[in-house]
Structures are given as C-alpha cells and as structure tokens.
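Shown next: input_20.csv, containing CSV, N, CA and C atoms.
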chain,number,residue,atom,x,y,z
O,19,MET,N,-31.3,-86.4,-34.4
O,19,MET,CA,-31.2,-85.4,-35.4
O,19,MET,C,-29.9,-84.7,-35.3
O,20,GLU,N,-29.0,-85.1,-36.1
O,20,GLU,CA,-27.6,-84.5,-36.0
O,20,GLU,C,-27.2,-83.6,-37.1
O,21,ALA,N,-28.0,-83.4,-38.1
O,21,ALA,CA,-27.7,-82.6,-39.3
O,21,ALA,C,-27.3,-81.2,-38.8
O,22,ALA,N,-28.1,-80.6,-37.9
O,22,ALA,CA,-27.9,-79.3,-37.4
O,22,ALA,C,-27.7,-79.2,-35.9
O,23,GLY,N,-27.8,-80.3,-35.2
O,23,GLY,CA,-27.6,-80.3,-33.8
O,23,GLY,C,-28.5,-81.4,-33.2
O,24,SER,N,-28.4,-81.6,-31.9
O,24,SER,CA,-29.2,-82.6,-31.2
O,24,SER,C,-30.6,-82.2,-31.1
O,25,PHE,N,-31.5,-83.1,-30.8
O,25,PHE,CA,-32.9,-82.9,-30.8
O,25,PHE,C,-33.2,-81.7,-29.8
O,26,ARG,N,-32.7,-81.7,-28.6
O,26,ARG,CA,-32.9,-80.7,-27.7
O,26,ARG,C,-32.3,-79.3,-28.1
O,27,GLU,N,-31.2,-79.4,-28.8
O,27,GLU,CA,-30.6,-78.1,-29.3
O,27,GLU,C,-31.5,-77.5,-30.3
O,28,LEU,N,-32.2,-78.3,-31.1
O,28,LEU,CA,-33.1,-77.8,-32.1
O,28,LEU,C,-34.4,-77.4,-31.6
O,29,PHE,N,-35.0,-78.2,-30.6
O,29,PHE,CA,-36.4,-78.1,-30.2
O,29,PHE,C,-36.6,-77.7,-28.7
O,30,GLY,N,-35.5,-77.6,-28.0
O,30,GLY,CA,-35.6,-77.1,-26.6
O,30,GLY,C,-35.9,-78.3,-25.6
O,31,ARG,N,-36.3,-77.9,-24.4
O,31,ARG,CA,-36.6,-78.9,-23.4
O,31,ARG,C,-38.1,-79.4,-23.5
O,32,PRO,N,-38.4,-80.6,-23.0
O,32,PRO,CA,-39.8,-81.0,-23.1
O,32,PRO,C,-40.6,-80.2,-22.1
O,33,VAL,N,-41.9,-80.0,-22.5
O,33,VAL,CA,-42.8,-79.3,-21.6
O,33,VAL,C,-43.3,-80.2,-20.5
O,34,ARG,N,-43.2,-81.5,-20.7
O,34,ARG,CA,-43.7,-82.5,-19.6
O,34,ARG,C,-42.4,-82.9,-18.9
O,35,PRO,N,-42.4,-82.8,-17.6
O,35,PRO,CA,-41.2,-83.3,-16.8
O,35,PRO,C,-41.0,-84.8,-17.1
O,36,GLY,N,-39.7,-85.1,-17.2
O,36,GLY,CA,-39.3,-86.5,-17.5
O,36,GLY,C,-39.6,-86.9,-19.0
O,37,GLY,N,-39.8,-85.9,-19.8
O,37,GLY,CA,-40.1,-86.2,-21.2
O,37,GLY,C,-39.0,-86.8,-22.0
O,38,GLY,N,-37.8,-87.0,-21.5
O,38,GLY,CA,-36.8,-87.6,-22.2
O,38,GLY,C,-35.4,-87.4,-21.6
O,39,GLN,N,-34.5,-88.3,-21.7
O,39,GLN,CA,-33.2,-88.1,-21.2
O,39,GLN,C,-32.3,-88.0,-22.4
O,40,ARG,N,-31.3,-87.1,-22.2
O,40,ARG,CA,-30.3,-86.9,-23.2
O,40,ARG,C,-29.0,-87.8,-22.8
O,41,ALA,N,-28.6,-88.6,-23.8
O,41,ALA,CA,-27.4,-89.4,-23.5
O,41,ALA,C,-26.3,-89.1,-24.5
O,42,GLU,N,-25.1,-88.9,-24.0
O,42,GLU,CA,-24.0,-88.7,-24.9
O,42,GLU,C,-22.8,-89.2,-24.3
O,43,ALA,N,-21.9,-89.7,-25.1
O,43,ALA,CA,-20.6,-90.2,-24.6
O,43,ALA,C,-19.5,-89.3,-25.2
O,44,GLU,N,-18.7,-88.9,-24.3
O,44,GLU,CA,-17.6,-88.0,-24.8
O,44,GLU,C,-16.8,-88.7,-25.9
O,45,GLY,N,-16.6,-88.0,-27.0
O,45,GLY,CA,-15.9,-88.6,-28.1
O,45,GLY,C,-16.6,-89.7,-28.8
O,46,GLY,N,-17.9,-90.0,-28.4
O,46,GLY,CA,-18.7,-91.0,-29.0
O,46,GLY,C,-19.7,-90.4,-30.0
O,47,PRO,N,-20.7,-91.2,-30.2
O,47,PRO,CA,-21.7,-90.8,-31.2
O,47,PRO,C,-22.4,-89.5,-30.7
O,48,PRO,N,-23.2,-88.8,-31.6
O,48,PRO,CA,-23.9,-87.6,-31.3
O,48,PRO,C,-24.9,-87.8,-30.2
O,49,PRO,N,-25.4,-86.8,-29.5
O,49,PRO,CA,-26.4,-86.9,-28.5
O,49,PRO,C,-27.7,-87.5,-29.1
O,50,VAL,N,-28.3,-88.3,-28.2
O,50,VAL,CA,-29.6,-88.9,-28.6
O,50,VAL,C,-30.6,-88.6,-27.5
O,51,LEU,N,-31.9,-88.8,-27.9
O,51,LEU,CA,-33.0,-88.6,-26.9
O,51,LEU,C,-33.4,-90.0,-26.6
O,52,ILE,N,-33.4,-90.4,-25.4
O,52,ILE,CA,-33.9,-91.7,-24.9
O,52,ILE,C,-35.2,-91.6,-24.3
O,53,LEU,N,-36.2,-92.3,-24.8
O,53,LEU,CA,-37.6,-92.2,-24.2
O,53,LEU,C,-38.1,-93.6,-23.9
O,54,SER,N,-38.8,-93.6,-22.8
O,54,SER,CA,-39.6,-94.8,-22.4
O,54,SER,C,-41.0,-94.5,-22.8
O,55,VAL,N,-41.6,-95.3,-23.5
O,55,VAL,CA,-43.0,-95.1,-23.9
O,55,VAL,C,-43.9,-96.3,-23.4
O,56,PRO,N,-45.2,-96.1,-23.2
O,56,PRO,CA,-46.0,-97.2,-22.7
O,56,PRO,C,-46.0,-98.3,-23.7
O,57,GLU,N,-46.2,-99.5,-23.2
O,57,GLU,CA,-46.3,-100.7,-24.1
O,57,GLU,C,-47.5,-100.5,-25.0
O,58,GLY,N,-47.2,-100.9,-26.3
O,58,GLY,CA,-48.3,-100.8,-27.3
O,58,GLY,C,-48.2,-99.5,-28.1
O,59,THR,N,-47.2,-98.6,-27.8
O,59,THR,CA,-47.1,-97.3,-28.5
O,59,THR,C,-46.7,-97.6,-29.9
O,60,THR,N,-47.4,-96.9,-30.8
O,60,THR,CA,-47.1,-97.0,-32.2
O,60,THR,C,-46.1,-95.9,-32.6
O,61,VAL,N,-45.6,-96.0,-33.9
O,61,VAL,CA,-44.7,-94.9,-34.4
O,61,VAL,C,-45.5,-93.6,-34.4
O,62,GLU,N,-46.8,-93.7,-34.8
O,62,GLU,CA,-47.6,-92.5,-34.8
O,62,GLU,C,-47.7,-91.9,-33.4
O,63,GLY,N,-47.9,-92.8,-32.4
O,63,GLY,CA,-48.0,-92.3,-31.1
O,63,GLY,C,-46.7,-91.7,-30.6
O,64,LEU,N,-45.6,-92.2,-31.0
O,64,LEU,CA,-44.3,-91.6,-30.6
O,64,LEU,C,-44.2,-90.2,-31.2
O,65,VAL,N,-44.5,-90.1,-32.4
O,65,VAL,CA,-44.3,-88.8,-33.1
O,65,VAL,C,-45.3,-87.8,-32.4
O,66,ARG,N,-46.5,-88.2,-32.1
O,66,ARG,CA,-47.5,-87.3,-31.5
O,66,ARG,C,-47.0,-86.9,-30.1
O,67,LEU,N,-46.4,-87.9,-29.3
O,67,LEU,CA,-45.8,-87.6,-28.0
O,67,LEU,C,-44.7,-86.5,-28.2
O,68,LEU,N,-43.8,-86.7,-29.1
O,68,LEU,CA,-42.7,-85.7,-29.3
O,68,LEU,C,-43.3,-84.4,-29.7
O,69,ALA,N,-44.3,-84.3,-30.5
O,69,ALA,CA,-44.9,-83.0,-30.9
O,69,ALA,C,-45.6,-82.4,-29.7
O,70,GLU,N,-46.1,-83.1,-28.8
O,70,GLU,CA,-46.7,-82.6,-27.6
O,70,GLU,C,-45.7,-82.1,-26.6
O,71,ASP,N,-44.6,-82.9,-26.4
O,71,ASP,CA,-43.6,-82.6,-25.4
O,71,ASP,C,-42.6,-81.5,-25.9
O,72,TYR,N,-42.4,-81.4,-27.2
O,72,TYR,CA,-41.5,-80.4,-27.8
O,72,TYR,C,-42.3,-79.6,-28.8
O,73,PRO,N,-43.0,-78.5,-28.3
O,73,PRO,CA,-43.8,-77.7,-29.2
O,73,PRO,C,-43.1,-77.2,-30.4
O,74,ALA,N,-41.8,-76.9,-30.3
O,74,ALA,CA,-41.0,-76.4,-31.5
O,74,ALA,C,-40.9,-77.5,-32.5
O,75,PHE,N,-40.8,-78.7,-32.1
O,75,PHE,CA,-40.8,-79.8,-33.1
O,75,PHE,C,-42.1,-80.0,-33.7
O,76,GLY,N,-43.2,-79.9,-32.9
O,76,GLY,CA,-44.5,-80.0,-33.4
O,76,GLY,C,-44.8,-79.0,-34.4
O,77,ALA,N,-44.3,-77.7,-34.2
O,77,ALA,CA,-44.6,-76.6,-35.1
O,77,ALA,C,-44.0,-76.8,-36.5
O,78,VAL,N,-42.9,-77.4,-36.5
O,78,VAL,CA,-42.2,-77.6,-37.8
O,78,VAL,C,-42.3,-78.9,-38.5
O,79,ALA,N,-42.6,-80.0,-37.6
O,79,ALA,CA,-42.4,-81.3,-38.2
O,79,ALA,C,-43.7,-82.1,-38.1
O,80,TYR,N,-44.7,-81.7,-37.5
O,80,TYR,CA,-45.9,-82.5,-37.3
O,80,TYR,C,-47.2,-81.8,-37.7
O,81,GLU,N,-47.9,-82.3,-38.6
O,81,GLU,CA,-49.2,-81.7,-39.0
O,81,GLU,C,-50.2,-82.7,-39.4
O,82,LYS,N,-51.4,-82.6,-38.8
O,82,LYS,CA,-52.5,-83.4,-39.2
O,82,LYS,C,-52.2,-84.9,-39.0
O,83,GLY,N,-51.5,-85.2,-37.9
O,83,GLY,CA,-51.2,-86.6,-37.5
O,83,GLY,C,-50.1,-87.3,-38.3
O,84,ARG,N,-49.3,-86.5,-39.0
O,84,ARG,CA,-48.2,-87.0,-39.8
O,84,ARG,C,-47.0,-86.1,-39.7
O,85,LEU,N,-45.8,-86.7,-40.1
O,85,LEU,CA,-44.6,-85.8,-40.2
O,85,LEU,C,-44.8,-84.9,-41.4
O,86,ALA,N,-44.4,-83.6,-41.2
O,86,ALA,CA,-44.6,-82.7,-42.3
O,86,ALA,C,-43.4,-82.7,-43.2
O,87,GLY,N,-43.6,-82.2,-44.4
O,87,GLY,CA,-42.6,-82.1,-45.4
O,87,GLY,C,-41.8,-83.3,-45.7
O,88,ALA,N,-40.5,-83.2,-45.7
O,88,ALA,CA,-39.7,-84.3,-46.2
O,88,ALA,C,-39.0,-85.1,-45.0
O,89,PHE,N,-39.5,-84.9,-43.8
O,89,PHE,CA,-39.0,-85.7,-42.7
O,89,PHE,C,-39.2,-87.2,-43.0
O,90,GLN,N,-38.2,-88.0,-42.6
O,90,GLN,CA,-38.3,-89.4,-42.8
O,90,GLN,C,-38.0,-90.1,-41.4
O,91,ILE,N,-38.6,-91.3,-41.3
O,91,ILE,CA,-38.4,-92.1,-40.1
O,91,ILE,C,-37.7,-93.4,-40.5
O,92,VAL,N,-36.7,-93.8,-39.7
O,92,VAL,CA,-36.0,-95.0,-39.9
O,92,VAL,C,-36.1,-95.8,-38.6
O,93,ILE,N,-36.5,-97.0,-38.7
O,93,ILE,CA,-36.5,-97.9,-37.5
O,93,ILE,C,-35.5,-99.0,-37.7
O,94,GLY,N,-34.5,-99.1,-36.9
O,94,GLY,CA,-33.4,-100.0,-37.1
O,94,GLY,C,-32.7,-99.6,-38.3
O,95,ASP,N,-32.7,-100.4,-39.4
O,95,ASP,CA,-32.1,-100.1,-40.6
O,95,ASP,C,-33.1,-100.0,-41.8
O,96,ARG,N,-34.4,-99.8,-41.5
O,96,ARG,CA,-35.4,-99.8,-42.5
O,96,ARG,C,-36.2,-98.5,-42.4
O,97,LEU,N,-36.5,-98.0,-43.6
O,97,LEU,CA,-37.4,-96.8,-43.7
O,97,LEU,C,-38.8,-97.2,-43.1
O,98,LEU,N,-39.5,-96.3,-42.6
O,98,LEU,CA,-40.8,-96.6,-41.9
O,98,LEU,C,-41.7,-97.4,-42.8
O,99,GLU,N,-41.8,-97.1,-44.1
O,99,GLU,CA,-42.7,-97.9,-44.9
O,99,GLU,C,-42.3,-99.4,-45.0
O,100,LEU,N,-41.1,-99.7,-44.9
O,100,LEU,CA,-40.6,-101.0,-44.9
O,100,LEU,C,-40.6,-101.7,-43.5
O,101,ALA,N,-40.7,-100.9,-42.5
O,101,ALA,CA,-40.7,-101.4,-41.1
O,101,ALA,C,-42.1,-101.6,-40.5
O,102,GLY,N,-43.1,-101.4,-41.3
O,102,GLY,CA,-44.4,-101.6,-40.7
O,102,GLY,C,-45.4,-100.4,-40.8
O,103,GLY,N,-44.8,-99.2,-41.1
O,103,GLY,CA,-45.7,-98.1,-41.2
O,103,GLY,C,-46.0,-97.4,-39.9
O,104,TRP,N,-46.9,-96.4,-40.0
O,104,TRP,CA,-47.3,-95.6,-38.8
O,104,TRP,C,-47.9,-96.4,-37.7
O,105,GLN,N,-48.6,-97.5,-38.0
O,105,GLN,CA,-49.2,-98.3,-36.9
O,105,GLN,C,-48.3,-99.4,-36.3
O,106,ARG,N,-47.0,-99.4,-36.7
O,106,ARG,CA,-46.1,-100.4,-36.2
O,106,ARG,C,-46.0,-100.2,-34.7
O,107,VAL,N,-46.1,-101.2,-33.9
O,107,VAL,CA,-45.9,-101.1,-32.5
O,107,VAL,C,-44.5,-101.2,-32.1
O,108,LEU,N,-44.0,-100.2,-31.4
O,108,LEU,CA,-42.6,-100.2,-31.0
O,108,LEU,C,-42.3,-101.2,-29.9
O,109,VAL,N,-41.2,-101.8,-29.9
O,109,VAL,CA,-40.8,-102.8,-28.9
O,109,VAL,C,-39.5,-102.3,-28.3
O,110,GLU,N,-39.2,-103.0,-27.1
O,110,GLU,CA,-38.0,-102.6,-26.4
O,110,GLU,C,-36.8,-102.6,-27.3
O,111,ASN,N,-35.9,-101.6,-27.1
O,111,ASN,CA,-34.7,-101.4,-27.8
O,111,ASN,C,-34.8,-101.0,-29.3
O,112,ASP,N,-36.0,-100.7,-29.7
O,112,ASP,CA,-36.2,-100.1,-31.1
O,112,ASP,C,-35.4,-98.8,-31.2
O,113,ASN,N,-34.6,-98.7,-32.3
O,113,ASN,CA,-33.9,-97.5,-32.5
O,113,ASN,C,-34.6,-96.7,-33.6
O,114,VAL,N,-35.3,-95.6,-33.2
O,114,VAL,CA,-36.0,-94.8,-34.1
O,114,VAL,C,-35.3,-93.5,-34.4
O,115,VAL,N,-35.0,-93.3,-35.7
O,115,VAL,CA,-34.3,-92.1,-36.2
O,115,VAL,C,-35.2,-91.2,-37.0
O,116,LEU,N,-35.3,-89.9,-36.6
O,116,LEU,CA,-36.0,-88.9,-37.4
O,116,LEU,C,-35.0,-88.1,-38.2
O,117,LEU,N,-35.2,-88.2,-39.5
O,117,LEU,CA,-34.3,-87.5,-40.4
O,117,LEU,C,-35.0,-86.2,-40.9
O,118,PRO,N,-34.4,-85.1,-40.6
O,118,PRO,CA,-35.0,-83.8,-41.2
O,118,PRO,C,-34.7,-83.7,-42.7
O,119,PRO,N,-35.4,-82.8,-43.3
O,119,PRO,CA,-35.2,-82.6,-44.8
O,119,PRO,C,-33.7,-82.3,-45.0
O,120,PHE,N,-33.1,-82.8,-46.0
O,120,PHE,CA,-31.8,-82.4,-46.4
O,120,PHE,C,-31.6,-82.5,-47.9
O,121,GLU,N,-30.6,-81.8,-48.4
O,121,GLU,CA,-30.3,-81.8,-49.8
O,121,GLU,C,-28.8,-82.1,-50.0
O,122,GLY,N,-28.5,-82.5,-51.2
O,122,GLY,CA,-27.1,-82.7,-51.5
O,122,GLY,C,-27.0,-83.7,-52.6
O,123,GLY,N,-25.8,-84.0,-52.9
O,123,GLY,CA,-25.6,-84.9,-54.0
O,123,GLY,C,-24.3,-85.6,-53.9
Can you dump the structure from the file as structure tokens?
Amino acid sequence: MEAAGSFRELFGRPVRPGGGQRAEAEGGPPPVLILSVPEGTTVEGLVRLLAEDYPAFGAVAYEKGRLAGAFQIVIGDRLLELAGGWQRVLVENDNVVLLPPFEGG
C-alpha cells in the first residue's frame, strides 16, 4: 500500500509476533510486507489474517469476511475476480497487492 505510506506506517505493528517482515531496498521499490502463510491459505484467509494481526487494518478495510469499501486486490497482474476470487489458494511467490480506495483522473 504505497498511496499514503507502507502497510506498517498506515496500520502499525502486528499484534502477533512474527506477523510479517518489512522489506525495502534503499533507492528501490516502496516497502512491502512479506508474509509466510500456511499451505492452502486462500485470499480470504490472507485478508482475515491481516485483519487479525493489524487491528487498524481490520477496522477500516475488513468487514463481514470481505474487504470494505473500494479496496481492491491484485494477484500478479490480475484483479482478484480474474485471478480466481476469494477462494483462490495462494501459492509460493504469489504477489498480492491491496489497493486502497483512490480517486483521480
């Protein structure tokens, strides 16, 4: 999430120890959150995990088992709906991007 800052800058530290590592390269791409999830984790499971580990994220972005508002998910280069939906099982090296609501033209 780079529109307004990194994930941790926006939502703080995880409440569960080891909830994610922050990776950044000086002069490189923006900071990212690198997570290891159990085999068989779905996109829905990942979002639920983030909401549990980062209560501030859960408060603004997660409600009733879904992303709230205009948040979008991209996996690789495809929107979630084109990448298999909420029940898509994540595999090693999947790049999942959470896009917060934004406006512009």
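For stretch 96-111 of chain O, the set of protein, DNA and RNA residues having any atom at most 10 Å away, when counting only C-alpha atoms and skipping those fewer than 5 positions along the same chain, is Ser54, Val55, Pro56, Glu57, Gly58, Thr59, Thr60, Val61, Glu62, Gly63, Leu64, Val65, Gly83, Arg84, Gln90 and Ile91 of chain O.
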Item to check | Atomic separation - atom C of O:Phe89 relative to atom N of O:Leu116, Å | outcome: 8.0 Å
Checklist outcome for this item: Computed gap from atom CA of O:Phe75 to atom CA of O:Asp95 is 23.3 Å
Checklist entry - In Å, with one decimal, what is the gap from atom N of O:Arg66 to atom C of O:Glu121? => result 25.9 Å
Checklist entry - Which is closer to O:Pro119 than all the others in O:Leu68, O:Val50, O:Leu85, O:Ala74, using only C-alpha atoms? => result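 Looking at the shortest contact to O:Pro119, the residue is O:Leu85.
Closest approach to O:Asp112 among O:Glu81, O:Ile93, O:Glu70, O:Ala88: O:Ile93, based on all atoms listed in the file.
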